[in-house]
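Asks: Let me give you the structure first, and then I'll get to my questions.
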Amino acid sequence: MSDSPVADETVETPPPSPFHRLADFVALPRLGGLALSPDGTRLVTSVATLDAEGKKWQSALWEVDPAGQREPRRLTRGAAGESAPQFTPHGDLLFTSTRPDPDAGKDGGEPTGSLWSLPAGGGEARLVLQRPHGISGVAVAADTGDLAVVASTMPGAADADADKERRAARKDAGVSAVLHESYPVRFWDHDLGPAVPHVYWVGQLPAEPGPGATADAPEWRDLTPDAGPPLGAGDDVALSPDGRSLVRSEDVPDGPAGRRSRLVVVEVATGDTRVLVDDPQADVHSAAFSPDSGRVVCVRESRSSFAEPPDYTLLLVDLASAETRELTPGFDRWPSAPQFAADGDAVYFLADDDGRHALFRVDLDGGTPVRLTDQGAYSDLQVARDGSALYALRSGYDTPPVPVRLDPHATGQDPAPLPNPGTISSLPGTLRELDATAADGSRVQSWLVLPEGASAEQPAPLLLWIHGGPLMSWNSWSWRWTPWVLAARGYAVLLPNPGLSQGFGQDFVRRGWGEWGAEPYTDLMAAVDAAEQLPEIDETRTAAMGGSFGGYMANWVATQTDRFKAIVTHASLWHLDGFSGTTDAAWYWQREFGDPLTEPKRYDQNSPHRYADAIRTPMLVIHGDKDYRVPIGEGLRLWYDLQKRGVPSKFLYFPDENHWVLTPGNAQVWYETVIAFLAEHVLGEEWQRPELL
């Protein structure tokens, strides 16, 4: 008898990359957030993976070696997951989790988001802070270890017990109603009120009690007792290294039904609050303290108008005098996420620049900002306290976010990733950059993903993928919009940055301001024209898709041309007049387009629904019912308008998803449906309905 396998036994060949099989793709680990220990020897990130049932992503904390010598190691294994790591000055690791209190017993109640501490020397994590409705934010004083936390609290509740009683009373009475007296009432994917965020001073964490002893109760002093609806105290807070001052971005009314933010400072010892930066023509936010606690750097975002898009700059503010100086005058990019250098003589910040999200440094004594990085998109910047290094997550279309080490002064850096659990070893194709020339002579930059095997002999079908925003650009990895899933199925994916895209200068944004159907559209067509000139592209098999503003553009494309075989539109704007009053931040959108009753011109010229009779291209409409940024009514009306006109179309509806599709099962079905729809209309294959739909 032969020892060889039975003749009819088949051995499944593993796919060449995780993007070829959707179950493998959704199971890939996803890194987010960084925390650097005070001595610079420990770097911690949160890693999300599928839970045991495969129904949700669950995060755990992993330690990465800042020197790049040791392999990463997992620190936490709680069944509820852990996230938002931060270090105390003593090296203890703080994190939030919904894991239950081990000392509460069976009647401990439903677990909510609480703060836990993992000792620097090792051992078990212990519960250090909790509130009846959870903790949503934590700020740590870098020198003293004092804490301030953000927690949602019911109106009129003086303490945690009163808050719990008020919530219980509503539940017992069967009341879910919320009475609003000011705008807005919703935000992205959740309803506002009746509870709102407050900022509490906790000070020093209670010491771990000895055997049989009970831990001291924390202070829990409300630094924002006047916080009220609709947005409360917010969660944009920064605590000074010496623990004496807390700066936060405060939401205030701005005309009828409008909002803007200003910067206020709270003296922690007394609770006294004073305005630090208040600009009626701008939002001020994202403050960070200097190492000596005497200054802050923040972002000033000029208020957009009917005539002008927003613009961004950095402000240096003296805490004692409130004297303000602009740090980036004349800098034709939009700075964000500023942080002081270790010596306090410079500020690092991030900004979109030419299809990258780059790291910059600007000295406080003046001068032009210097770009430190070459390729890639950076986030979660960490500054070593001794000034020896910077750490960040780096991504790009060739890599998901991975931790890297950077030189604080060198330019043109493109660092290799530190050993981590999220590096992807193979991609089903290649990435290149492509330029096109717009009708007015402007350069239109794009990223092009080419599938393996694409050549002049075997050209690939082309998928135009339009970004959202609209004030953003394609420059970084996205798990929701991953071109490699389509590349694994043979498509070339074009990711253009048309007019309105940031990172190409204020004039480039201005080209599309209030004229969404003009330069943004013609720029996209110029990018497609340039791609179709490549020998690897089959210009006879093309499709277009996009989400949010990209969905709007996909709808607009459908009304303007029949060059594409299929169009996929996700969370899209269809009826601009209706959208402008039902979105969660109507005042923002009406700054650009005006009031539809008094200034209807832009709505009339740019609303795709007015040109619905011109649509000939098959369309897949996708929308989530919990989407408050682009409400479900937009998708419902688009679907009806297509059906009424006999346009070949399908509607993929998610009753419990929002602007994004965030659960693994629904994300997989999203891709399955898009792939099947494109296969039918672009590749000429028979329609295959996803099995679970």
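Chain lettering (A, B, ...) mirrors the order of the structure tokens, residue numbering begins at 1 for each chain separately, and ligand numbering begins at 1 in order of display.
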Do you know which residues are at most 10 Å from Thr561 in chain A counting only C-alpha atoms, after dropping those on the same chain fewer than 2 positions away, and could you put them as a ChimeraX atom specification?

Replies: /A:525,556-559,563-564,614-617

Asks: Would you save the residues from that selection as a compact mmCIF listing (two decimals), in the first residue's frame, using N, CA and C atoms?

Replies:
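Result saved to part.txt:
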```txt
# COMPACT_ATOMS: atom_id res chain seq x y z
N MET A 525 -12.38 63.51 -14.06
CA MET A 525 -12.38 62.99 -15.42
C MET A 525 -10.99 63.11 -16.04
N TRP A 556 -23.08 62.57 -8.93
CA TRP A 556 -22.91 63.63 -9.94
C TRP A 556 -22.34 63.04 -11.23
N VAL A 557 -21.36 62.17 -11.10
CA VAL A 557 -20.78 61.52 -12.27
C VAL A 557 -21.88 60.80 -13.05
N ALA A 558 -22.78 60.12 -12.34
CA ALA A 558 -23.86 59.37 -13.00
C ALA A 558 -24.77 60.29 -13.82
N THR A 559 -24.91 61.54 -13.36
CA THR A 559 -25.80 62.47 -14.09
C THR A 559 -25.09 63.18 -15.23
N ARG A 563 -19.83 57.11 -19.34
CA ARG A 563 -18.58 56.44 -19.70
C ARG A 563 -18.30 55.23 -18.81
N PHE A 564 -18.95 55.14 -17.64
CA PHE A 564 -18.69 54.04 -16.71
C PHE A 564 -19.75 52.96 -16.85
N ALA A 614 -30.99 62.07 -16.52
CA ALA A 614 -29.86 61.78 -17.40
C ALA A 614 -29.14 60.49 -17.05
N ILE A 615 -29.49 59.86 -15.95
CA ILE A 615 -28.74 58.68 -15.49
C ILE A 615 -29.08 57.47 -16.36
N ARG A 616 -28.04 56.83 -16.87
CA ARG A 616 -28.18 55.60 -17.65
C ARG A 616 -27.37 54.45 -17.06
N THR A 617 -26.47 54.77 -16.15
CA THR A 617 -25.52 53.78 -15.63
C THR A 617 -26.13 53.00 -14.47
```

Asks: Which residues come within 7 Å of Ala227 in chain A, counting only C-alpha atoms, excluding same-chain residues fewer than 5 positions away, as a VMD selection string?

Replies: chain A and resid 198 232 to 233

Asks: Just write the chosen residues, C-alpha atoms, as a CSV table (one decimal), in the first residue's frame.

Replies:
```csv
chain,number,residue,atom,x,y,z
A,198,HIS,CA,-18.2,67.1,32.2
A,232,GLY,CA,-21.4,69.9,27.4
A,233,ALA,CA,-17.7,70.4,28.2
```

Asks: What's the 7 Å shell around range 13-19 of chain A, counting only C-alpha atoms, without same-chain residues fewer than 2 positions away, as a ChimeraX atom specification?

Replies: /A:11,21-22,24-25,426-428,484-485,488

Asks: For the residues in that selection, give me N, CA and C atoms as a short mmCIF file (atom, residue, chain, number, x, y, z; two decimals), in the first residue's frame.

Replies:
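Final output, result_8.cif:
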```
data_model
loop_
_atom_site.label_atom_id
_atom_site.label_comp_id
_atom_site.auth_asym_id
_atom_site.auth_seq_id
_atom_site.Cartn_x
_atom_site.Cartn_y
_atom_site.Cartn_z
N VAL A 11 -6.16 19.35 -1.40
CA VAL A 11 -5.53 20.21 -0.41
C VAL A 11 -5.75 21.65 -0.84
N ARG A 21 -9.23 36.74 0.19
CA ARG A 21 -10.36 36.10 0.87
C ARG A 21 -10.85 37.06 1.94
N LEU A 22 -12.12 37.47 1.87
CA LEU A 22 -12.63 38.52 2.74
C LEU A 22 -12.56 38.13 4.21
N ASP A 24 -10.24 36.47 5.60
CA ASP A 24 -8.86 36.73 6.03
C ASP A 24 -8.62 38.23 6.18
N PHE A 25 -9.21 39.00 5.28
CA PHE A 25 -9.02 40.46 5.33
C PHE A 25 -9.59 41.06 6.60
N SER A 426 2.54 40.97 2.25
CA SER A 426 2.36 40.92 0.79
C SER A 426 1.09 41.66 0.40
N LEU A 427 1.15 42.31 -0.75
CA LEU A 427 0.02 43.02 -1.33
C LEU A 427 -0.25 42.48 -2.73
N PRO A 428 -1.49 42.43 -3.16
CA PRO A 428 -1.81 41.83 -4.46
C PRO A 428 -1.67 42.81 -5.62
N TRP A 484 -6.90 47.36 -2.05
CA TRP A 484 -6.27 46.06 -2.32
C TRP A 484 -7.28 44.92 -2.39
N VAL A 485 -8.44 45.09 -1.73
CA VAL A 485 -9.48 44.06 -1.85
C VAL A 485 -9.96 43.97 -3.29
N ALA A 488 -7.11 42.56 -5.58
CA ALA A 488 -7.01 41.10 -5.50
C ALA A 488 -7.98 40.42 -6.45
#
```

Asks: Once DSSP has gone over the backbone, tell me which residues of range 112-206 of chain A are in strand (DSSP E), as an MDAnalysis selection string.

Replies: chainID A and resid 114:118 126:129 137:140 147:153 186:187 190:191 196:203

Asks: Please save C-alpha atoms of the selected residues as a compact mmCIF listing (two decimals), in the first residue's frame.

Replies:
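Wrote again-v8.txt, looks like this:
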```txt
# COMPACT_ATOMS: atom_id res chain seq x y z
CA SER A 114 -13.59 52.34 33.52
CA LEU A 115 -9.95 53.27 34.07
CA TRP A 116 -7.44 50.57 34.93
CA SER A 117 -3.76 50.62 35.87
CA LEU A 118 -1.09 48.07 34.97
CA ARG A 126 -6.38 46.98 38.96
CA LEU A 127 -9.49 49.12 38.66
CA VAL A 128 -8.69 52.70 39.69
CA LEU A 129 -11.63 54.85 38.50
CA GLY A 137 -11.44 60.61 28.25
CA VAL A 138 -8.38 60.88 30.50
CA ALA A 139 -5.68 63.57 30.76
CA VAL A 140 -2.49 62.91 32.74
CA LEU A 147 -5.54 63.15 36.47
CA ALA A 148 -8.54 64.84 34.91
CA VAL A 149 -11.24 62.70 33.33
CA VAL A 150 -14.20 63.27 31.04
CA ALA A 151 -17.45 61.57 31.99
CA SER A 152 -21.03 61.97 30.83
CA THR A 153 -23.38 63.29 33.54
CA ARG A 186 -27.34 64.61 16.95
CA PHE A 187 -23.67 64.01 16.14
CA HIS A 190 -25.53 59.14 18.25
CA ASP A 191 -28.23 61.30 19.77
CA VAL A 196 -23.50 65.71 28.58
CA PRO A 197 -19.72 65.45 29.13
CA HIS A 198 -18.20 67.05 32.22
CA VAL A 199 -14.51 67.34 33.11
CA TYR A 200 -13.64 66.11 36.61
CA TRP A 201 -10.50 66.66 38.64
CA VAL A 202 -9.31 63.45 40.25
CA GLY A 203 -5.79 64.42 41.25
```

Asks: Find the spatial neighbours of Glu308 in chain A, counting only C-alpha atoms, within a cut-off of 9 Å - ignore same-chain residues fewer than 4 positions away - and output them as a PyMOL selection string.

Replies: chain A and resi 303-304+510+513-514+592

Asks: Keeping only C-alpha atoms, take the residues you just selected and write them out as a PDB file, in the first residue's frame.

Replies:
```
ATOM      1  CA  ARG A 303     -14.640  79.964   9.757  1.00  0.00           C
ATOM      2  CA  SER A 304     -15.644  79.132   6.211  1.00  0.00           C
ATOM      3  CA  ARG A 510     -10.817  77.262  -3.474  1.00  0.00           C
ATOM      4  CA  TRP A 513     -15.540  75.736  -3.089  1.00  0.00           C
ATOM      5  CA  GLY A 514     -19.304  75.974  -3.587  1.00  0.00           C
ATOM      6  CA  GLU A 592     -20.618  77.107   2.005  1.00  0.00           C
TER       7      GLU A 592
END
```
